[in-house]
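K.L.:
Input protein_18.cif, format and content: mmCIF, C-alpha atoms.
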data_query
#
loop_
_atom_site.label_atom_id
_atom_site.label_comp_id
_atom_site.auth_asym_id
_atom_site.auth_seq_id
_atom_site.Cartn_x
_atom_site.Cartn_y
_atom_site.Cartn_z
CA MET D 684 10.88 62.71 152.76
CA ARG D 685 12.77 65.60 154.34
CA ARG D 686 14.15 68.30 152.09
CA VAL D 687 17.39 69.66 153.53
CA PHE D 688 18.85 73.16 153.33
CA ALA D 689 21.97 74.65 154.95
CA MET D 690 21.61 78.12 156.42
CA GLY D 691 24.00 80.62 157.94
CA CYS D 692 27.46 81.89 157.11
CA ALA D 693 29.49 78.89 158.24
CA ALA D 694 29.59 75.55 156.47
CA ALA D 695 26.96 73.10 157.64
CA LEU D 696 28.24 70.65 160.20
CA PRO D 697 27.88 66.91 159.69
CA ALA D 698 25.05 65.19 161.52
CA GLY D 699 25.96 64.47 165.11
CA ALA D 700 28.78 66.99 165.25
CA ALA D 701 29.36 68.37 168.76
CA ALA D 702 29.00 72.03 167.87
CA ALA D 703 29.28 74.64 170.60
CA LEU D 704 28.95 78.39 170.46
CA PRO D 705 31.89 80.29 171.99
CA PRO D 706 30.39 81.61 175.24
CA GLY D 707 30.74 85.11 176.59
CA ASN D 708 32.31 86.89 173.64
CA ALA D 709 31.30 88.95 170.63
CA ALA D 710 31.94 86.13 168.15
CA GLY D 711 29.65 83.76 170.05
CA ALA D 712 26.91 86.40 170.24
CA ARG D 713 27.19 87.09 166.51
CA GLU D 714 27.03 83.41 165.60
CA ALA D 715 24.04 82.81 167.86
CA ARG D 716 22.27 85.81 166.36
CA GLU D 717 22.99 84.67 162.80
CA ASP D 718 21.66 81.17 163.49
CA PHE D 719 18.58 82.62 165.16
CA ASP D 720 17.93 84.89 162.18
CA ALA D 721 18.44 81.99 159.77
CA LEU D 722 15.89 79.87 161.62
CA TRP D 723 13.38 82.70 161.83
CA SER D 724 13.74 83.47 158.12
CA ALA D 725 13.40 79.81 157.13
CA ILE D 726 10.08 79.51 158.95
CA ASP D 727 8.89 82.89 157.71
CA SER D 728 9.59 82.06 154.06
CA ARG D 729 8.98 78.29 153.91
CA TYR D 730 6.62 77.13 156.67
CA ALA D 731 3.46 75.92 154.93
CA TYR D 732 1.01 77.15 157.56
CA ILE D 733 2.52 80.56 158.32
CA GLY D 734 -0.65 82.37 157.22
CA GLU D 735 -2.59 81.44 160.34
CA ARG D 736 0.29 82.36 162.67
CA ARG D 737 1.95 85.22 160.80
CA ALA D 738 1.19 87.96 163.33
CA ALA D 739 2.46 85.91 166.29
CA TRP D 740 5.54 84.84 164.31
CA LYS D 741 6.40 88.45 163.44
CA ARG D 742 6.18 89.37 167.12
CA SER D 743 8.33 86.41 168.15
CA ARG D 744 11.48 87.74 166.45
CA ASP D 745 11.75 90.77 168.70
CA ALA D 746 10.63 88.80 171.76
CA PHE D 747 13.37 86.15 171.51
CA ARG D 748 16.24 87.57 169.46
CA ARG D 749 17.98 89.22 172.40
CA GLN D 750 17.72 86.02 174.44
CA ALA D 751 19.28 84.05 171.59
CA THR D 752 22.15 86.52 171.29
CA ALA D 753 22.88 86.12 175.00
CA ALA D 754 22.93 82.30 174.85
CA ALA D 755 26.15 80.90 176.33
CA SER D 756 25.89 77.44 174.75
CA ARG D 757 24.15 75.51 172.03
CA ASP D 758 21.74 74.06 174.61
CA GLU D 759 20.71 77.53 175.75
CA LEU D 760 20.30 78.67 172.15
CA ALA D 761 18.17 75.60 171.38
CA GLN D 762 15.92 76.33 174.36
CA VAL D 763 15.34 79.89 173.18
CA MET D 764 14.57 78.64 169.68
CA GLU D 765 12.15 76.03 171.03
CA ARG D 766 10.28 78.68 172.99
CA MET D 767 9.98 80.78 169.86
CA LEU D 768 8.85 77.82 167.74
CA ALA D 769 6.17 77.07 170.33
CA THR D 770 4.38 80.23 169.18
CA LEU D 771 3.48 78.28 166.03
CA ARG D 772 1.40 75.81 168.11
CA ASP D 773 2.54 73.04 165.75
CA ASP D 774 3.86 69.72 167.07
CA HIS D 775 5.32 68.87 163.66
CA VAL D 776 8.00 71.55 164.19
CA SER D 777 11.07 70.39 166.11
CA LEU D 778 14.79 70.90 166.71
CA THR D 779 17.65 68.39 166.77
CA PRO D 780 19.64 67.97 168.94
CA ARG D 781 17.34 68.80 171.79
CA ALA D 782 18.46 70.43 175.01
CA PRO D 783 18.39 68.40 178.26
CA LEU D 784 15.56 70.56 179.60
CA SER D 785 13.51 70.54 176.41
CA ALA D 786 9.80 69.92 176.88
CA ARG D 787 8.43 66.51 176.03
CA ARG D 788 7.37 66.13 172.41
CA VAL D 789 3.69 65.58 171.70
CA PRO D 790 2.66 62.88 170.98
CA GLN D 791 5.96 60.98 170.78
CA GLU D 792 6.93 61.43 174.44
CA THR D 793 3.49 61.63 176.02
CA ASP D 794 0.80 59.19 177.08
CA VAL D 795 -2.34 61.31 177.53
CA TRP D 796 -4.37 62.79 174.68
CA ALA D 797 -6.94 65.33 175.81
CA LEU D 798 -9.11 68.02 174.26
CA TRP D 799 -11.73 70.56 175.21
CA ARG D 800 -15.36 69.47 174.94
CA ASP D 801 -18.15 71.83 176.00
CA GLY D 802 -15.78 73.72 178.26
CA ALA D 803 -14.33 70.62 179.94
CA ALA D 804 -10.79 69.23 179.57
CA VAL D 805 -11.58 65.63 178.63
CA VAL D 806 -9.08 62.78 178.49
CA GLU D 807 -9.77 61.14 175.14
CA SER D 808 -7.04 58.48 175.07
CA VAL D 809 -4.40 57.05 177.41
CA ARG D 810 -1.43 55.18 175.99
CA VAL D 811 -1.30 51.60 177.19
CA ALA D 812 1.53 50.89 179.67
CA GLY D 813 2.46 54.57 179.94
CA ASP D 814 3.00 56.45 183.20
CA ALA D 815 -0.57 57.79 183.16
CA ASP D 816 -1.98 54.31 182.56
CA TYR D 817 -0.06 52.96 185.54
CA ALA D 818 -1.31 55.90 187.64
CA GLY D 819 -4.91 54.97 186.83
CA VAL D 820 -5.92 57.76 184.43
CA ARG D 821 -8.71 56.54 182.14
CA PRO D 822 -10.29 57.81 178.90
CA GLY D 823 -13.40 59.89 179.48
CA GLU D 824 -12.21 61.45 182.72
CA ILE D 825 -12.20 65.23 183.17
CA VAL D 826 -9.13 67.15 184.29
CA GLY D 827 -10.01 69.79 186.89
CA ARG D 828 -6.58 70.95 188.05
CA ILE D 829 -3.00 70.50 186.89
CA ASP D 830 -0.42 70.90 189.66
CA THR D 831 -3.11 72.56 191.85
CA VAL D 832 -3.94 75.18 189.16
CA PRO D 833 -7.44 75.15 187.59
CA VAL D 834 -6.96 73.70 184.13
CA ALA D 835 -8.43 76.69 182.28
CA ASP D 836 -6.05 79.04 184.13
CA ALA D 837 -3.09 76.76 183.40
CA VAL D 838 -3.93 76.76 179.68
CA ALA D 839 -4.28 80.55 179.69
CA ARG D 840 -0.82 80.87 181.25
CA VAL D 841 0.70 78.69 178.52
CA LEU D 842 -0.92 80.69 175.75
CA GLY D 843 -0.02 84.05 177.26
CA ASP D 844 -1.47 86.70 174.98
CA ALA D 845 -4.66 84.85 174.08
CA ARG D 846 -6.13 87.52 171.78
CA ASP D 847 -5.79 85.25 168.78
CA ALA D 848 -6.07 81.89 170.58
CA THR D 849 -8.19 79.32 168.75
CA ALA D 850 -9.78 76.07 169.89
CA ARG D 851 -6.83 74.28 168.29
CA ASP D 852 -4.43 76.43 170.35
CA ARG D 853 -6.26 75.56 173.57
CA ASP D 854 -6.15 71.84 172.78
CA TRP D 855 -2.43 72.18 172.00
CA ALA D 856 -1.74 73.89 175.33
CA LEU D 857 -3.77 71.30 177.26
CA ARG D 858 -1.82 68.38 175.79
CA HIS D 859 1.51 70.04 176.50
CA LEU D 860 0.53 70.63 180.11
CA LEU D 861 -0.48 66.98 180.46
CA ALA D 862 2.87 65.89 179.04
CA GLY D 863 4.29 66.95 182.39
CA PRO D 864 7.92 67.45 183.35
CA ARG D 865 10.71 65.37 181.87
CA HIS D 866 11.45 64.19 185.41
CA GLY D 867 9.25 64.57 188.46
CA THR D 868 5.56 64.40 189.32
CA LEU D 869 2.56 65.63 187.36
CA ALA D 870 -0.30 66.18 189.82
CA LEU D 871 -3.84 65.97 188.46
CA ASP D 872 -7.16 66.53 190.13
CA LEU D 873 -9.79 64.65 188.15
CA ALA D 874 -13.35 65.92 188.27
CA GLY D 875 -16.67 64.18 187.76
CA PRO D 876 -18.37 61.26 189.56
CA ASP D 877 -15.03 59.60 190.33
CA ALA D 878 -13.25 62.78 191.41
CA ARG D 879 -9.84 62.06 192.86
CA HIS D 880 -6.21 63.16 192.97
CA VAL D 881 -3.66 61.36 190.79
CA ASP D 882 0.14 61.69 190.81
CA ILE D 883 1.83 60.67 187.57
CA GLU D 884 5.50 59.95 188.08
CA ARG D 885 7.61 61.13 185.15
CA ASN D 886 10.85 59.24 185.71
CA GLY D 887 12.18 59.46 182.18
CA ARG D 888 12.52 55.71 182.10
CA ALA D 889 12.99 54.14 178.72
CA PRO D 890 10.07 52.04 177.48
CA ALA D 891 10.52 48.31 177.44
CA ALA D 892 12.56 47.18 174.46
CA GLN D 893 10.42 45.92 171.62
CA PRO D 894 11.35 44.70 168.15
CA PRO D 895 10.64 47.18 165.35
CA LEU D 896 8.46 44.58 163.66
CA LEU D 897 6.22 41.89 165.09
CA ALA D 898 4.39 39.45 162.79
CA ARG D 899 2.05 36.59 163.66
CA ARG D 900 -1.14 34.82 162.66
CA MET D 901 -4.45 35.46 164.38
CA GLY D 902 -8.03 34.20 164.32
CA GLU D 903 -9.51 30.82 165.17
CA GLU D 904 -8.03 29.29 162.04
CA ARG D 905 -4.80 31.32 162.19
CA ASP D 906 -5.59 32.69 158.76
CA ILE D 907 -5.44 36.44 159.49
CA GLY D 908 -2.05 38.10 159.31
CA TYR D 909 -1.00 40.68 161.89
CA VAL D 910 2.04 42.95 161.57
CA ARG D 911 2.96 45.69 164.02
CA LEU D 912 5.46 48.32 162.94
CA LYS D 913 7.26 50.28 165.62
CA THR D 914 9.10 53.37 164.46
CA PRO D 915 11.47 55.14 164.25
CA ALA D 916 13.63 52.45 162.76
CA ASP D 917 16.29 52.10 160.10
CA GLY D 918 15.55 51.73 156.41
CA LYS D 919 15.89 47.94 156.59
CA LEU D 920 12.47 47.77 158.22
CA ALA D 921 10.91 47.70 154.75
CA ASP D 922 12.92 44.57 153.92
CA HIS D 923 11.87 42.94 157.19
CA PHE D 924 8.26 43.81 156.41
CA GLY D 925 8.57 42.19 153.00
CA ALA D 926 9.96 39.01 154.54
CA ALA D 927 7.15 38.92 157.11
CA LEU D 928 4.57 39.43 154.37
CA ASP D 929 6.00 36.52 152.42
CA GLN D 930 5.37 34.33 155.47
CA LEU D 931 1.79 35.56 155.63
CA ALA D 932 1.10 35.32 151.90
CA ASP D 933 -1.56 32.62 152.32
CA THR D 934 -3.64 34.54 154.89
CA ARG D 935 -7.08 35.78 153.90
CA ALA D 936 -6.57 39.28 155.30
CA LEU D 937 -3.92 41.45 156.92
CA MET D 938 -3.99 43.80 159.89
CA LEU D 939 -1.20 46.38 159.98
CA ASP D 940 -0.84 47.94 163.42
CA LEU D 941 0.56 51.50 163.25
CA ARG D 942 -0.24 52.54 166.83
CA ASP D 943 3.48 52.61 167.67
CA ALA D 944 4.38 54.47 164.48
CA THR D 945 5.14 57.77 166.18
CA GLU D 946 7.70 58.71 163.54
CA GLY D 947 9.29 57.01 160.57
CA LEU D 948 11.39 57.05 157.46
CA ARG D 949 10.13 57.63 153.94
CA PRO D 950 11.94 54.56 152.47
CA VAL D 951 9.99 52.39 154.91
CA THR D 952 6.71 54.03 153.88
CA LEU D 953 7.43 53.48 150.20
CA GLY D 954 8.53 49.89 150.76
CA VAL D 955 5.36 49.00 152.66
CA LEU D 956 3.15 50.78 150.14
CA ALA D 957 4.73 48.93 147.23
CA ARG D 958 4.06 45.53 148.83
CA LEU D 959 0.42 46.32 149.71
CA ALA D 960 -0.66 48.52 146.78
CA LYS D 961 -3.47 47.07 144.70
CA ARG D 962 -2.48 49.28 141.76
CA ASN D 963 0.01 51.87 140.61
CA GLY D 964 -1.01 55.40 141.46
CA ALA D 965 -0.81 58.50 143.64
CA TRP D 966 -0.69 57.91 147.38
CA GLN D 967 -0.51 61.56 148.50
CA VAL D 968 -0.50 65.10 147.11
CA ARG D 969 1.89 67.84 148.27
CA VAL D 970 1.05 71.52 147.89
CA SER D 971 3.72 74.23 148.20
CA ARG D 972 3.13 77.74 149.50
CA ASN D 973 2.81 79.05 145.96
CA GLY D 974 0.11 76.48 145.21
CA HIS D 975 2.26 74.10 143.15
CA ARG D 976 0.89 70.56 143.44
CA VAL D 977 2.93 67.36 143.23
CA GLU D 978 1.53 63.83 143.27
CA ASP D 979 3.68 61.25 145.02
CA ARG D 980 3.17 57.94 143.25
CA VAL D 981 3.99 54.34 144.01
CA ALA D 982 4.32 51.30 141.78
CA ALA D 983 2.91 48.04 143.09
CA ALA D 984 5.55 45.37 143.59
CA GLY D 985 5.30 42.16 141.59
CA SER D 986 4.63 40.23 144.79
CA THR D 987 2.06 42.62 146.20
CA TYR D 988 -0.45 41.36 148.80
CA ARG D 989 -3.89 41.31 147.16
CA ARG D 990 -6.21 40.45 150.04
CA PRO D 991 -8.05 42.91 152.33
CA VAL D 992 -5.94 45.18 154.52
CA VAL D 993 -7.02 46.86 157.75
CA VAL D 994 -4.82 49.46 159.49
CA LEU D 995 -4.97 50.04 163.26
CA VAL D 996 -4.40 53.68 164.24
CA ASP D 997 -4.70 55.95 167.26
CA ARG D 998 -3.47 59.31 168.54
CA TRP D 999 0.12 58.00 168.62
CA THR D 1000 0.10 57.23 164.90
CA ALA D 1001 2.02 60.36 163.98
CA GLY D 1002 3.88 62.06 161.16
CA GLU D 1003 5.26 59.47 158.78
CA GLY D 1004 2.99 56.90 160.41
CA GLU D 1005 0.03 59.04 159.34
CA ALA D 1006 1.48 59.32 155.84
CA LEU D 1007 1.69 55.53 155.59
CA ALA D 1008 -1.85 55.03 156.90
CA ALA D 1009 -3.29 57.57 154.45
CA GLY D 1010 -1.26 56.12 151.59
CA LEU D 1011 -2.63 52.65 152.29
CA VAL D 1012 -6.17 53.99 152.10
CA ALA D 1013 -5.31 55.51 148.71
CA VAL D 1014 -3.52 52.62 146.95
CA ALA D 1015 -4.36 49.50 148.99
CA ASP D 1016 -8.05 50.24 149.67
CA ALA D 1017 -7.22 49.77 153.35
CA ARG D 1018 -9.75 50.46 156.08
CA LEU D 1019 -8.60 52.42 159.13
CA VAL D 1020 -9.81 51.20 162.53
CA GLY D 1021 -9.25 53.20 165.70
CA THR D 1022 -9.28 56.83 166.78
CA PRO D 1023 -8.25 59.88 164.77
CA MET D 1024 -4.47 60.04 164.40
CA ALA D 1025 -2.11 62.68 165.83
CA ARG D 1026 -2.98 65.07 163.00
CA LEU D 1027 0.56 66.31 162.47
CA ARG D 1028 0.24 68.44 159.37
CA GLY D 1029 2.37 68.71 156.27
CA GLU D 1030 5.50 67.34 154.62
CA LEU D 1031 8.68 67.90 156.62
CA HIS D 1032 11.51 70.05 155.32
CA GLU D 1033 14.64 70.67 157.36
CA VAL D 1034 17.29 73.36 157.70
CA ARG D 1035 20.70 72.94 159.29
CA LEU D 1036 22.00 76.11 160.94
CA GLY D 1037 25.53 76.99 159.91
CA HIS D 1038 27.22 77.79 163.24
CA SER D 1039 25.53 75.61 165.85
CA GLY D 1040 24.66 72.64 163.63
CA ILE D 1041 21.12 72.70 165.02
CA VAL D 1042 18.55 71.21 162.62
CA VAL D 1043 15.00 72.55 162.49
CA ARG D 1044 12.27 70.42 160.91
CA PHE D 1045 8.98 71.95 159.87
CA PRO D 1046 6.11 71.39 157.42
CA GLY D 1047 7.28 72.95 154.18
CA GLU D 1048 4.32 71.73 152.13
CA LYS D 1049 0.72 70.93 152.89
CA VAL D 1050 -0.30 67.30 152.35
CA LEU D 1051 -3.60 66.11 150.95
CA HIS D 1052 -5.16 62.70 150.68
CA VAL D 1053 -5.69 61.78 147.03
CA ASP D 1054 -9.37 62.74 147.30
CA GLY D 1055 -8.34 66.30 148.27
CA THR D 1056 -8.93 65.94 152.02
CA PRO D 1057 -6.14 67.41 154.17
CA ARG D 1058 -4.31 64.40 155.57
CA GLU D 1059 -4.78 65.55 159.16
CA MET D 1060 -8.58 65.38 158.71
CA LEU D 1061 -8.62 61.74 157.61
CA GLN D 1062 -11.04 59.76 159.78
CA PRO D 1063 -11.05 56.02 160.57
CA ALA D 1064 -13.64 54.00 158.67
CA VAL D 1065 -14.37 52.21 161.95
CA ALA D 1066 -14.17 54.74 164.77
CA ILE D 1067 -13.44 53.62 168.32
CA ASP D 1068 -14.24 55.73 171.38
CA PRO D 1069 -11.68 54.70 174.05
CA SER D 1070 -13.97 56.01 176.80
CA ALA D 1071 -16.85 53.77 175.69
CA PRO D 1072 -15.37 50.88 173.70
CA SER D 1073 -17.86 48.50 172.16
CA GLY D 1074 -16.63 45.15 173.42
CA GLY D 1075 -13.29 43.48 173.51
CA PRO D 1076 -11.22 42.98 176.65
CA GLY D 1077 -8.05 45.05 176.83
CA ASP D 1078 -7.72 46.19 173.22
CA PRO D 1079 -11.00 47.39 171.68
CA ILE D 1080 -9.30 48.58 168.47
CA LEU D 1081 -7.84 45.15 167.76
CA TYR D 1082 -11.12 43.51 168.78
CA GLN D 1083 -13.16 45.58 166.32
CA ALA D 1084 -10.62 44.96 163.56
CA LEU D 1085 -10.90 41.22 164.05
CA LYS D 1086 -14.69 41.45 163.92
CA LEU D 1087 -14.41 42.76 160.36
CA PHE D 1088 -13.07 39.35 159.31
CA GLU D 1089 -15.63 37.15 161.06
CA LYS D 1090 -16.89 34.50 158.65
#
Let's see the structure in the file written out as structure tokens.
P.N.:
Amino acid sequence: MRRVFAMGCAAALPAGAAAALPPGNAAGAREAREDFDALWSAIDSRYAYIGERRAAWKRSRDAFRRQATAAASRDELAQVMERMLATLRDDHVSLTPRAPLSARRVPQETDVWALWRDGAAVVESVRVAGDADYAGVRPGEIVGRIDTVPVADAVARVLGDARDATARDRDWALRHLLAGPRHGTLALDLAGPDARHVDIERNGRAPAAQPPLLARRMGEERDIGYVRLKTPADGKLADHFGAALDQLADTRALMLDLRDATEGLRPVTLGVLARLAKRNGAWQVRVSRNGHRVEDRVAAAGSTYRRPVVVLVDRWTAGEGEALAAGLVAVADARLVGTPMARLRGELHEVRLGHSGIVVRFPGEKVLHVDGTPREMLQPAVAIDPSAPSGGPGDPILYQALKLFEK
């Protein structure tokens, strides 16, 4: 659920309004500066994780304010703001609308998940049917160079002043480098026994159209239900899910696939939770910057599904998809199968800037699993290593989930 605030001197514009800052005059410079200051202040006063980035955030105001004042259009202003927000190293912070040259969002617009292990940049996961998959990049491979630059040097360039860089920062920079350009070629030199050069073509092509919900029966006796949710989608997805669940009411178990749940809507989360909850209760805990705790609760629907539930997750289960997965563990006793999720932290708040109409979304509260674990640290009950999957042609996560229901 996003909590919305309007900031700035002018009235907030309606969603989708084609706002534009008057270029090249004092009024435009003043409005750009006021919107910039409103955004900076909102993050400074409300961002849930500011403590770990406070010094860098304080420096960012002076570093970017003059650029924002000189912006000749809303797109230019948005690009300056995005560069400033990048100093937070938080992929759950974003702007809408985005500028044409905005960097790809991680993980929503990427297909490679990598991290540093023992000094090596290791590809942990590759999204099926993405550009990198087609180019032949595989989990477990080591990235040696990105666009001819040694990967460690490329990461250092992204981080700039690395005095306070953490392991999390270095992983963040690596994944953003591997996102590549919005259009063009990302050149990788892969190290290790199968060292080779790979060109990943980033053509900006839209993914193949898929329905937001797919439901079917699986297993030798067709008695295991399978539902895949693809988000973002409109609020009616919860109704469609309920209808699909009614058709699967006689199955002996359900697999809910959230590997395409890169974003989502809170009404969908609540609707799914209500139909799968085994009991009434808290499904997550929100903690504000002043330490105030709020339990979000759900009431089980009268027609709730009572049989075992398994949830398929991976690095592209993000944001609201992660909230749904964690909530199902809490109130539906679901088991997670797959890799760790995207680990986007916190509950989103949003602020609409008064002059430009730009909306900034950021974690305004920390989120905990009901057992007190930060949501981003939730681990699958059945962990899958994509670089060494234990059986199953093509889809080891689905294969291992099905094994749980073998008679």
K.L.:
Would you write out, as a tab-separated table, a table of all residues in range 1011-1052 of chain D that have an atom no more than 10 Å from an atom of range 751-768 of chain D, listing for each the closest atom pair and the distance in Å to one decimal, considering all atoms listed in the file and ordering rows by chain and rising residue number?
P.N.:
residue	atom	partner	partner_atom	distance
D:His1038	CA	D:Arg757	CA	9.6
D:Ser1039	CA	D:Arg757	CA	6.3
D:Gly1040	CA	D:Arg757	CA	8.9
D:Ile1041	CA	D:Ala761	CA	7.6
D:Val1042	CA	D:Ala761	CA	9.8
D:Val1043	CA	D:Met764	CA	9.4
D:Phe1045	CA	D:Leu768	CA	9.8
K.L.:
Convert the current residue selection to file output with C-alpha atoms, as a tab-separated table (two decimals), in the coordinates of the input.
P.N.:
chain	number	residue	atom	x	y	z
D	1038	HIS	CA	27.22	77.79	163.24
D	1039	SER	CA	25.53	75.61	165.85
D	1040	GLY	CA	24.66	72.64	163.63
D	1041	ILE	CA	21.12	72.70	165.02
D	1042	VAL	CA	18.55	71.21	162.62
D	1043	VAL	CA	15.00	72.55	162.49
D	1045	PHE	CA	8.98	71.95	159.87
K.L.:
The PyMOL selection byres ((chain D and resi 968) around 10) on the file shown: which residues, as number ranges by chain?
P.N.:
D: 965-967, 969-970, 976-980, 1030, 1048-1058
K.L.:
Written as a list in words, what is the full residue list that the PyMOL selection byres ((chain D and resi 869) around 7) yields on the file shown?
P.N.:
Asp830, Gly863, Pro864, Gly867, Thr868, Ala870, Leu871, Asp882, Ile883 and Glu884 of chain D
K.L.:
With C-alpha atoms kept, could you save the residues just selected as a PDB file, in the coordinates of the input?
P.N.:
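Just written: again23.pdb:
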ATOM      1  CA  ASP D 830      -0.420  70.900 189.660  1.00  0.00           C
ATOM      2  CA  GLY D 863       4.290  66.950 182.390  1.00  0.00           C
ATOM      3  CA  PRO D 864       7.920  67.450 183.350  1.00  0.00           C
ATOM      4  CA  GLY D 867       9.250  64.570 188.460  1.00  0.00           C
ATOM      5  CA  THR D 868       5.560  64.400 189.320  1.00  0.00           C
ATOM      6  CA  ALA D 870      -0.300  66.180 189.820  1.00  0.00           C
ATOM      7  CA  LEU D 871      -3.840  65.970 188.460  1.00  0.00           C
ATOM      8  CA  ASP D 882       0.140  61.690 190.810  1.00  0.00           C
ATOM      9  CA  ILE D 883       1.830  60.670 187.570  1.00  0.00           C
ATOM     10  CA  GLU D 884       5.500  59.950 188.080  1.00  0.00           C
TER      11      GLU D 884
END
K.L.:
Compare D:Leu861, D:Gly802, D:His775, D:Ala715 by their minimum atom-to-atom distance to Arg748 in chain D, counting all atoms listed in the file, and give me the closest one.
P.N.:
D:Ala715
K.L.:
Identify the residues within 12 Å of coordinate (-0.8, 48.5, 151.0) (same frame as the file), considering only C-alpha atoms, and give the answer as number ranges by chain.
P.N.:
D: 924-925, 928, 936-939, 952-964, 966, 981-984, 986-994, 1007-1019
K.L.:
Which residues come within 7 Å of range 1059-1076 of chain D, counting all atoms listed in the file, excluding same-chain residues fewer than 2 positions away, as a list of chain:residue names?
P.N.:
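Returned residues: D:Glu807, D:Ser808, D:Pro822, D:Gly823, D:Arg1018, D:Leu1019, D:Val1020, D:Gly1021, D:Thr1022, D:Pro1023, D:Arg1026, D:Leu1027, D:Arg1028, D:Thr1056, D:Pro1057, D:Asp1078, D:Pro1079, D:Ile1080, D:Tyr1082.
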